[in-house]
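**Student:** Provided herewith: data24.txt, compact mmCIF, C-alpha atoms.
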# COMPACT_ATOMS: atom_id res chain seq x y z
CA MET A 1 135.51 70.30 106.88
CA ARG A 2 136.45 71.11 103.26
CA LYS A 3 132.87 70.44 102.06
CA LEU A 4 131.43 72.80 104.66
CA MET A 5 133.83 75.57 103.65
CA ILE A 6 132.96 75.20 99.96
CA LEU A 7 129.22 75.32 100.73
CA PHE A 8 129.74 78.45 102.82
CA ILE A 9 131.57 80.19 99.98
CA LEU A 10 128.86 79.27 97.48
CA LEU A 11 126.15 80.71 99.70
CA ILE A 12 128.01 83.98 99.88
CA THR A 13 128.55 84.26 96.13
CA THR A 14 124.85 83.81 95.35
CA THR A 15 123.96 86.88 97.40
CA LEU A 16 126.58 89.27 96.00
CA SER A 17 125.33 92.69 94.94
CA ALA A 18 126.91 95.94 93.86
CA GLN A 19 126.05 99.51 94.86
CA GLU A 20 126.77 102.73 93.00
CA SER A 21 125.79 106.39 93.34
CA LEU A 22 123.98 108.13 90.45
CA SER A 23 123.06 111.67 89.47
CA TYR A 24 120.24 112.94 87.26
CA GLY A 25 121.11 112.66 83.57
CA GLU A 26 123.55 109.80 84.12
CA THR A 27 123.63 106.49 82.22
CA VAL A 28 125.51 103.46 83.54
CA ASN A 29 126.16 99.94 82.29
CA GLY A 30 125.92 96.75 84.32
CA VAL A 31 125.45 93.00 84.21
CA ILE A 32 122.90 90.71 85.88
CA THR A 33 124.08 87.14 86.50
CA ASN A 34 122.98 84.20 88.60
CA GLN A 35 125.77 85.12 91.01
CA MET A 36 124.75 88.80 91.09
CA PRO A 37 120.99 88.95 90.36
CA GLU A 38 120.55 92.55 91.49
CA VAL A 39 122.51 95.80 91.50
CA PHE A 40 121.77 98.76 93.75
CA TYR A 41 122.06 102.43 92.80
CA THR A 42 121.44 105.40 95.09
CA PHE A 43 120.63 109.01 94.22
CA GLN A 44 119.72 112.21 96.03
CA GLY A 45 116.13 113.21 95.34
CA SER A 46 113.93 116.11 96.41
CA ARG A 47 110.21 116.28 97.07
CA GLY A 48 108.42 117.17 93.83
CA ASP A 49 111.13 115.87 91.48
CA THR A 50 109.67 114.10 88.45
CA ILE A 51 111.96 111.35 87.23
CA ALA A 52 112.29 108.47 84.78
CA ILE A 53 114.37 105.33 85.25
CA GLU A 54 114.89 103.01 82.29
CA MET A 55 116.69 99.65 82.17
CA GLN A 56 117.45 98.30 78.69
CA ALA A 57 119.04 94.94 77.88
CA VAL A 58 122.19 95.33 75.77
CA GLU A 59 122.63 92.48 73.28
CA SER A 60 121.38 89.98 75.85
CA GLU A 61 118.30 87.96 76.80
CA LEU A 62 117.92 89.78 80.11
CA ASP A 63 114.30 90.26 81.24
CA SER A 64 114.90 93.42 83.25
CA PHE A 65 112.99 94.51 86.34
CA LEU A 66 113.20 97.78 88.31
CA ARG A 67 112.31 98.65 91.88
CA LEU A 68 112.48 102.07 93.53
CA LEU A 69 112.90 102.30 97.30
CA LEU A 70 112.08 105.32 99.46
CA PRO A 71 114.76 106.74 101.80
CA ASP A 72 113.41 104.50 104.59
CA GLY A 73 113.74 101.38 102.39
CA THR A 74 110.03 100.98 101.61
CA GLU A 75 109.27 99.96 98.03
CA TYR A 76 107.63 102.90 96.24
CA ALA A 77 107.31 101.65 92.64
CA SER A 78 108.26 98.73 90.41
CA ASP A 79 108.06 97.77 86.73
CA ASP A 80 108.72 94.77 84.52
CA ASP A 81 108.08 95.45 80.83
CA GLY A 82 107.10 99.14 80.72
CA ALA A 83 109.74 99.98 78.08
CA GLY A 84 108.75 97.11 75.77
CA ASN A 85 110.72 94.06 74.63
CA LEU A 86 111.18 92.87 78.24
CA ASN A 87 112.81 96.17 79.25
CA ALA A 88 111.77 98.02 82.40
CA LEU A 89 110.65 101.65 82.78
CA LEU A 90 109.58 103.62 85.84
CA ALA A 91 108.12 106.92 84.63
CA PRO A 92 106.98 109.39 85.46
CA ILE A 93 107.70 109.04 89.16
CA PHE A 94 106.88 111.95 91.47
CA LEU A 95 109.20 111.84 94.48
CA PRO A 96 107.27 112.37 97.73
CA GLU A 97 110.12 113.51 100.01
CA ASP A 98 113.71 114.66 100.25
CA GLY A 99 116.36 112.01 100.80
CA ILE A 100 118.50 109.28 99.32
CA TYR A 101 116.51 106.89 97.11
CA THR A 102 117.61 103.41 96.00
CA ILE A 103 117.15 101.87 92.56
CA VAL A 104 117.23 98.07 92.42
CA ALA A 105 118.20 96.83 88.95
CA THR A 106 117.33 93.16 88.72
CA ARG A 107 115.53 90.58 86.58
CA CYS A 108 111.96 89.39 86.31
CA CYS A 109 110.47 86.76 88.58
CA GLY A 110 112.70 87.16 91.63
CA ASP A 111 114.16 83.90 92.90
CA PHE A 112 112.50 82.05 90.00
CA GLY A 113 114.14 84.22 87.33
CA ASN A 114 117.02 82.85 85.26
CA SER A 115 117.71 85.48 82.61
CA GLU A 116 121.18 87.00 82.53
CA GLY A 117 122.97 89.67 80.56
CA ALA A 118 124.26 93.18 80.17
CA TYR A 119 122.05 96.24 80.57
CA GLN A 120 122.09 100.02 80.38
CA LEU A 121 120.36 102.06 83.08
CA THR A 122 119.42 105.74 82.78
CA LEU A 123 118.19 108.10 85.51
CA LYS A 124 116.86 111.49 84.44
CA GLN A 125 114.53 114.28 85.45
CA ILE A 126 111.65 114.92 83.08
CA ASP A 127 109.13 117.70 82.51
CA VAL A 128 105.44 116.81 82.33
CA PRO A 129 103.50 119.42 80.34
CA VAL A 130 99.97 120.34 81.42
CA ILE A 131 96.98 119.85 79.13
CA THR A 132 93.68 121.65 79.69
CA LEU A 133 90.12 120.76 78.77
CA ASP A 134 89.31 121.14 75.05
CA ASP A 135 93.01 121.54 74.28
CA THR A 136 95.37 119.66 71.93
CA VAL A 137 99.03 119.10 72.78
CA THR A 138 101.61 117.67 70.38
CA LEU A 139 104.10 115.20 71.86
CA GLU A 140 107.32 114.15 70.14
CA LEU A 141 109.05 110.86 70.94
CA ALA A 142 112.63 110.45 69.76
CA ALA A 143 113.55 107.10 68.24
CA GLU A 144 114.97 105.87 71.55
CA GLU A 145 112.09 107.16 73.70
CA THR A 146 109.40 104.78 74.92
CA ALA A 147 106.75 107.17 76.27
CA ALA A 148 105.71 110.80 76.71
CA TYR A 149 103.48 112.29 79.40
CA LEU A 150 100.90 114.97 80.10
CA LEU A 151 99.21 116.11 83.30
CA PHE A 152 95.53 117.08 83.44
CA ASN A 153 94.06 118.73 86.54
CA ASN A 154 90.29 118.51 86.80
CA THR A 155 89.39 121.76 88.54
CA ASN A 156 85.65 121.10 88.43
CA VAL A 157 83.99 120.70 91.80
CA GLU A 158 81.68 118.05 90.37
CA GLN A 159 82.23 114.72 88.68
CA MET A 160 82.31 114.89 84.88
CA ALA A 161 82.84 112.69 81.82
CA ALA A 162 85.56 113.32 79.27
CA SER A 163 87.16 111.77 76.22
CA VAL A 164 90.94 111.48 75.72
CA MET A 165 92.31 110.73 72.26
CA SER A 166 95.83 110.31 70.91
CA THR A 167 96.45 110.50 67.16
CA ARG A 168 99.77 109.51 65.59
CA THR A 169 100.64 112.14 62.97
CA SER A 170 104.09 110.87 61.99
CA GLY A 171 106.05 107.64 62.47
CA VAL A 172 105.06 104.02 62.03
CA ASP A 173 104.90 102.49 65.51
CA GLN A 174 101.54 102.08 67.17
CA VAL A 175 100.85 103.96 70.38
CA GLN A 176 98.93 103.00 73.51
CA LEU A 177 97.06 105.63 75.51
CA GLU A 178 96.98 105.24 79.30
CA VAL A 179 95.56 107.41 82.09
CA ARG A 180 96.38 107.09 85.78
CA GLY A 181 93.85 108.60 88.17
CA PRO A 182 94.26 110.42 91.50
CA VAL A 183 94.43 107.22 93.59
CA GLY A 184 96.38 105.10 91.11
CA GLU A 185 93.46 103.69 89.13
CA MET A 186 94.41 102.86 85.53
CA PHE A 187 92.46 103.34 82.30
CA TYR A 188 93.62 102.03 78.90
CA GLY A 189 92.73 103.19 75.42
CA TYR A 190 91.37 101.22 72.50
CA SER A 191 91.99 101.76 68.78
CA PRO A 192 88.80 102.56 66.84
CA MET A 193 90.55 102.57 63.46
CA PRO A 194 92.05 99.58 61.60
CA ASP A 195 95.46 101.27 61.19
CA ALA A 196 95.66 101.90 64.95
CA SER A 197 96.79 105.50 64.41
CA GLN A 198 94.41 106.51 67.19
CA SER A 199 93.89 105.41 70.77
CA VAL A 200 90.83 106.53 72.72
CA ILE A 201 89.59 106.43 76.30
CA SER A 202 85.91 107.35 76.40
CA PRO A 203 84.23 107.96 78.66
CA LEU A 204 86.79 108.85 81.30
CA ILE A 205 84.93 109.67 84.51
CA LEU A 206 86.84 112.50 86.17
CA GLN A 207 86.66 112.94 89.92
CA PRO A 208 86.32 116.48 91.36
CA ASN A 209 89.65 118.32 91.79
CA GLY A 210 91.63 115.26 90.66
CA ALA A 211 95.02 115.07 88.92
CA TYR A 212 95.32 112.68 85.96
CA LEU A 213 98.54 111.49 84.34
CA ILE A 214 98.20 110.82 80.60
CA THR A 215 100.79 108.50 79.04
CA VAL A 216 101.37 107.94 75.32
CA ARG A 217 103.40 104.75 75.07
CA ARG A 218 105.14 103.31 72.03
CA VAL A 219 104.07 99.71 71.31
CA TRP A 220 107.12 97.64 70.43
CA TYR A 221 105.60 94.18 69.79
CA PHE A 222 108.97 92.54 70.59
CA ASP A 223 110.31 93.74 67.23
CA THR A 224 114.08 93.93 67.48
CA GLU A 225 114.70 93.81 63.72
CA THR A 226 113.06 97.09 62.66
CA GLU A 227 114.86 100.26 63.65
CA ALA A 228 112.70 102.57 65.76
CA GLN A 229 111.64 105.90 64.28
CA PRO A 230 110.60 109.20 65.86
CA LEU A 231 106.91 109.61 66.61
CA THR A 232 104.65 112.66 66.69
CA VAL A 233 101.38 112.29 68.54
CA ASP A 234 98.54 114.77 69.11
CA VAL A 235 96.64 114.39 72.39
CA THR A 236 93.21 115.94 72.90
CA ILE A 237 90.88 115.96 75.88
CA HIS A 238 87.36 117.32 75.85
CA GLY A 239 84.23 117.10 77.94
CA LEU A 240 81.32 114.88 76.96
CA ASN A 241 77.62 115.60 77.04
CA VAL A 242 75.92 113.46 79.67
CA THR A 243 72.13 113.23 79.85
CA PRO A 244 70.69 112.44 83.29
CA PHE A 245 67.66 110.16 83.36
CA THR A 246 65.34 108.87 86.03
CA PHE A 247 66.04 105.39 87.32
CA GLY A 248 63.38 103.04 85.94
CA GLN A 249 62.97 105.04 82.74
CA THR A 250 63.06 103.53 79.23
CA LEU A 251 65.45 105.16 76.78
CA ASN A 252 64.88 104.97 73.04
CA GLY A 253 66.11 106.72 69.93
CA GLN A 254 68.52 106.35 67.03
CA LEU A 255 72.30 106.23 66.61
CA ASP A 256 73.74 107.68 63.40
CA ASP A 257 76.77 109.53 62.08
CA ALA A 258 75.82 112.65 64.05
CA ASN A 259 75.23 110.71 67.29
CA ASP A 260 77.48 107.67 67.21
CA ASN A 261 77.27 107.14 70.95
CA LEU A 262 75.26 108.58 73.81
CA ILE A 263 76.02 108.81 77.52
CA TYR A 264 73.40 108.78 80.25
CA SER A 265 73.77 109.06 84.01
CA PHE A 266 71.56 107.85 86.84
CA GLU A 267 71.67 107.23 90.57
CA ALA A 268 71.78 103.62 91.79
CA GLN A 269 72.25 101.87 95.11
CA ASP A 270 70.99 98.29 94.69
CA LEU A 271 70.86 95.46 92.15
CA LEU A 272 70.05 96.59 88.60
CA ARG A 273 68.11 95.21 85.67
CA ILE A 274 69.00 96.18 82.10
CA GLU A 275 66.88 95.34 79.07
CA ALA A 276 68.01 96.28 75.55
CA ILE A 277 66.62 95.63 72.09
CA THR A 278 67.05 96.73 68.46
CA ASN A 279 65.42 95.79 65.17
CA ASN A 280 68.66 96.01 63.19
CA GLN A 281 70.00 92.67 61.99
CA GLU A 282 73.71 93.33 61.30
CA THR A 283 74.32 96.73 62.81
CA GLY A 284 73.48 96.99 66.49
CA PHE A 285 74.75 98.74 69.57
CA GLU A 286 76.87 98.12 72.63
CA VAL A 287 75.67 98.87 76.15
CA ARG A 288 78.40 99.70 78.69
CA LEU A 289 77.90 100.50 82.35
CA TYR A 290 80.48 102.42 84.42
CA ASP A 291 80.52 102.88 88.18
CA PRO A 292 81.06 106.23 89.98
CA PHE A 293 84.85 105.76 89.74
CA GLY A 294 84.82 105.16 85.98
CA THR A 295 85.41 101.41 86.20
CA LEU A 296 83.63 99.31 83.58
CA VAL A 297 80.98 97.19 85.32
CA ASP A 298 79.41 95.41 82.37
CA SER A 299 79.42 95.47 78.57
CA ARG A 300 76.96 93.76 76.19
CA MET A 301 76.36 93.66 72.43
CA VAL A 302 72.78 94.07 71.25
CA THR A 303 71.61 93.00 67.77
CA GLY A 304 68.27 92.08 66.27
CA GLY A 305 67.37 88.51 65.44
CA ILE A 306 64.59 86.20 64.39
CA SER A 307 63.21 85.93 67.91
CA ASN A 308 63.61 89.69 68.49
CA ASN A 309 63.80 89.05 72.23
CA PRO A 310 65.46 91.75 74.32
CA LEU A 311 68.81 91.27 75.97
CA VAL A 312 68.19 90.97 79.70
CA VAL A 313 70.86 91.38 82.38
CA ASP A 314 69.45 90.81 85.85
CA PRO A 315 70.78 91.05 88.47
CA LEU A 316 73.64 93.45 87.87
CA PRO A 317 75.43 94.10 91.18
CA VAL A 318 76.04 97.64 92.38
CA GLN A 319 79.09 97.72 94.62
CA GLN A 320 78.65 101.32 95.73
CA ALA A 321 75.78 103.79 95.69
CA GLY A 322 76.31 106.84 93.50
CA THR A 323 76.18 108.14 89.96
CA TYR A 324 76.47 105.46 87.27
CA TYR A 325 77.06 106.05 83.57
CA LEU A 326 75.39 104.17 80.71
CA VAL A 327 77.00 104.32 77.25
CA ILE A 328 75.06 103.30 74.16
CA GLN A 329 77.37 103.02 71.14
CA ARG A 330 76.74 102.00 67.54
CA VAL A 331 78.59 98.87 66.29
CA ASN A 332 78.67 96.65 63.21
CA LEU A 333 79.26 92.95 63.75
CA ASN A 334 80.67 92.40 60.25
CA SER A 335 82.80 95.49 59.81
CA SER A 336 84.69 98.13 61.78
CA ASP A 337 83.03 100.82 59.64
CA VAL A 338 79.57 101.96 60.74
CA THR A 339 79.44 105.09 58.59
CA GLY A 340 75.97 105.71 57.19
CA GLN A 341 74.35 103.08 59.40
CA VAL A 342 71.30 104.07 61.44
CA VAL A 343 70.56 102.00 64.53
CA ASP A 344 67.43 102.20 66.63
CA TYR A 345 67.76 101.38 70.32
CA THR A 346 65.53 100.78 73.30
CA VAL A 347 67.15 100.40 76.71
CA TYR A 348 65.55 100.07 80.12
CA VAL A 349 67.47 100.45 83.39
CA GLY A 350 65.64 99.82 86.63
CA ALA A 351 65.51 97.84 89.82
CA SER A 352 66.33 94.15 89.69
CA GLU A 353 63.38 91.78 89.48
CA THR A 354 65.36 89.06 91.22
CA LEU A 355 62.94 87.13 93.43
CA PHE A 356 63.42 86.62 97.15
CA LEU A 357 63.21 83.02 98.33
CA THR A 358 61.35 82.15 101.50
CA SER A 359 62.63 79.25 103.55
CA GLY A 360 60.51 76.16 102.98
CA VAL A 361 58.50 77.68 100.12
CA PRO A 362 59.21 76.04 96.69
CA VAL A 363 59.44 78.18 93.54
CA THR A 364 58.47 77.09 90.01
CA ASP A 365 59.87 79.19 87.17
CA MET A 366 60.54 79.11 83.42
CA ILE A 367 63.21 80.51 81.09
CA ASP A 368 61.44 81.39 77.84
CA ASN A 369 63.84 83.97 76.40
CA VAL A 370 66.77 82.73 74.28
CA ASN A 371 68.85 85.69 75.50
CA VAL A 372 68.41 84.67 79.15
CA LEU A 373 70.78 81.87 80.13
CA ASP A 374 69.97 81.53 83.82
CA ARG A 375 67.75 82.75 86.61
CA THR A 376 69.02 84.24 89.86
CA TYR A 377 67.34 84.31 93.24
CA ARG A 378 68.22 85.94 96.55
CA PHE A 379 67.32 85.40 100.16
CA ASN A 380 67.94 86.96 103.54
CA GLY A 381 70.53 85.00 105.51
CA GLU A 382 72.26 85.22 108.84
CA ALA A 383 75.90 84.67 109.73
CA GLY A 384 76.53 81.02 110.67
CA GLN A 385 73.21 79.87 109.30
CA ARG A 386 73.14 76.46 107.57
CA ILE A 387 70.99 76.07 104.49
CA ARG A 388 70.11 73.44 101.90
CA ILE A 389 69.11 74.24 98.32
CA THR A 390 67.46 71.55 96.20
Can you present the structure in this file as structure tokens?

**Tutor:**
Amino acid sequence: MRKLMILFILLITTTLSAQESLSYGETVNGVITNQMPEVFYTFQGSRGDTIAIEMQAVESELDSFLRLLLPDGTEYASDDDGAGNLNALLAPIFLPEDGIYTIVATRCCGDFGNSEGAYQLTLKQIDVPVITLDDTVTLELAAEETAAYLLFNNTNVEQMAASVMSTRTSGVDQVQLEVRGPVGEMFYGYSPMPDASQSVISPLILQPNGAYLITVRRVWYFDTETEAQPLTVDVTIHGLNVTPFTFGQTLNGQLDDANDNLIYSFEAQDLLRIEAITNNQETGFEVRLYDPFGTLVDSRMVTGGISNNPLVVDPLPVQQAGTYYLVIQRVNLNSSDVTGQVVDYTVYVGASETLFLTSGVPVTDMIDNVNVLDRTYRFNGEAGQRIRIT
């Protein structure tokens, strides 16, 4: 009987949790242990409130994790390492309804997690400034702040392409640019400069009448030795020139300092074929294809060579019919600096030449291009049909 009672007590202690009420602007301290792996906090929220919740380990090895529950108990958002250095951040969160929300402060990896330690949790309301097309907004991050935010509303009734750039003007930490689209799709910036003072998303395909959340996030790199410093970052968004072309057309021209990259658009609804070639040996160009939602479909580097054979991509699947975007951008394989380099390009985009197989009819083929690694075929099949390929 004594063994059963001890087991019963142990089972209870492993499921202990605490609950506390919070208000906006409040910071509380807590501890996550194996006996108490999660702590609950509730707060009164209103529809339209924009909030931030941050959970920072305090002199501990805690790998923090945050969950936000709607008034009905449904999970609305979660985060693991959004604040850097294994700290969690939910921000900005737009509350969808009035009611009592629940914050679950816990640790990474659920039942498989084993980190413990003290933490500090902050709940606050935040303002998200609005940025307009061809505008620049300066954001300031205090030493203890992880991220700053902007909201862009695309009021155009048609799809368009834009470029978003963040430039660090003071401070030493690197910054990461992120954009969240109207249905939660995420786009991440890249740094075109060696010192990483800039982060760019280009092109960003904007949907008609869509709201986009722009986040400038401090990159911590798990550095707990260096004291954080304030950051000042300029954010700019501007529209890009897009040249429509007829499907099946060959594009050719030159990339230089005045035209470092070009964007073309075309309508597609089936498998594609892309051919690309340049005569330049060291400096070439990159071909990137984006779908109607702005998602990168394919990216290839094109440089000249002894064989001077074109790069061939066929077939390239098209998941949805609509407007696709082709970016041709100058690159240098041996250096990040392409200043002064002139690159000629020839790119063809048309229907796939993938052959259809006929049952019982053999096909003999040859791969005679060093840039072509395989050959693809297609055939018409029926559900439940059994086939053999030899």

**Student:** Could you check which of A:Thr132, A:Gln281, A:Gln329, A:Thr215 is closest to Gln254 in chain A, using only C-alpha atoms?

**Tutor:**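 Closest to Gln254 in chain A of all the choices is A:Gln329.
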
**Student:** Counting all atoms listed in the file, what is within 8 Å of range 238-247 of chain A, bar same-chain residues fewer than 3 positions away, as a list in words?

**Tutor:**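 Here the answer would be Leu133, Asp134, Asp135, Met160, Ala161, Ala162, Ser163, Val164, Pro203, Leu262, Ile263, Tyr264, Ser265, Phe266, Glu267, Ala268, Val349, Gly350 and Ala351 of chain A.
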
**Student:** Would you pick out the contacts of range 38-42 of chain A at 9 Å or less, using all atoms listed in the file, so that residues sharing its chain but fewer than 5 positions from it are not included, and give the list as a PyMOL selection string?

**Tutor:** chain A and resi 15-23+30-33+100-107

**Student:** With distances taken over only C-alpha atoms, which residue among A:Val343, A:Leu70, A:Val313, A:Ile51 lies nearest Asn252 in chain A?

**Tutor:**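 Of A:Val343, A:Leu70, A:Val313, A:Ile51, the one nearest Asn252 in chain A is A:Val343, counting only C-alpha atoms.
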
**Student:** Distance CA of Thr339 in chain A-CA of Tyr188 in chain A, one decimal place?

**Tutor:**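 According to the coordinates, CA of Thr339 in chain A and CA of Tyr188 in chain A are separated by 25.0 Å.
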
**Student:** If I take CA of Asn156 in chain A and CA of Phe293 in chain A, how far is one from the other in Å, to one decimal?

**Tutor:**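 Those two atoms sit 15.4 Å apart.
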
**Student:** Taking 5 positions as the minimum chain separation for residues in the same chain, which residues sit within 12 Å of range 295-297 of chain A when counting all atoms listed in the file? Answer as a count of residues only.

**Tutor:** 25

**Student:** Give me, please, the distance in Å between CA of Val183 in chain A and CA of Ser166 in chain A, quoted to one decimal.

**Tutor:** 22.9 Å

**Student:** When distances are computed from only C-alpha atoms, which of A:Val361, A:Ala148, A:Leu255, A:Val130 shows the smallest separation from Ile389 in chain A?

**Tutor:**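 Among A:Val361, A:Ala148, A:Leu255, A:Val130, it is A:Val361 that comes nearest to Ile389 in chain A.
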
**Student:** For Arg47 in chain A, which residue out of A:Pro96, A:Gly184, A:Pro292, A:Gly25 is the nearest one, using all atoms listed in the file?

**Tutor:**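 Comparing A:Pro96, A:Gly184, A:Pro292, A:Gly25 against Arg47 in chain A, the winner is A:Pro96.
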
**Student:** Enumerate, as an NGL selection string, the protein, DNA and RNA residues whose atoms approach (114.1, 103.4, 67.8) to within 8 Å, taking into account all atoms listed in the file and the coordinate frame of the file.

**Tutor:** :A and (142-145 or 227-230)

**Student:** Using only C-alpha atoms, which protein or nucleic acid residues come within 10 Å of range 83-91 of chain A? Drop anything in the same chain fewer than 4 positions from it, and give the result as an MDAnalysis selection string.

**Tutor:** chainID A and resid 50:57 61:68 77:79 105:108 119 121:126 145:149 215 217:224

**Student:** If I wrap all listed atoms of range 107-117 of chain A in a box with edges along x, y and z and add 8 Å on each side, what are its centre and edge lengths in Å to one decimal, as lines of an AutoDock Vina configuration file?

**Tutor:**
center_x = 116.7
center_y = 86.3
center_z = 86.7
size_x = 28.5
size_y = 24.5
size_z = 28.3

**Student:** Taking all atoms listed in the file into account, which of A:Leu177, A:Ile131, A:Ile93, A:Met36 comes nearest Glu116 in chain A?

**Tutor:**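 Of all the options, A:Met36 lies closest to Glu116 in chain A.
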
**Student:** Could you name the residues that touch Asn380 in chain A at 9 Å or less, counting all atoms listed in the file, but leaving out those on the same chain fewer than 2 positions away, as a PDB file with C-alpha atoms, in the frame of the given file?

**Tutor:**
ATOM      1  CA  PHE A 356      63.420  86.620  97.150  1.00  0.00           C
ATOM      2  CA  LEU A 357      63.210  83.020  98.330  1.00  0.00           C
ATOM      3  CA  THR A 358      61.350  82.150 101.500  1.00  0.00           C
ATOM      4  CA  ARG A 378      68.220  85.940  96.550  1.00  0.00           C
ATOM      5  CA  GLU A 382      72.260  85.220 108.840  1.00  0.00           C
TER       6      GLU A 382
END

**Student:** Taking all atoms listed in the file into account, which of A:Gly360, A:Gly45, A:Pro315, A:Gly99 comes nearest Ile387 in chain A?

**Tutor:**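 Closest candidate: A:Gly360.
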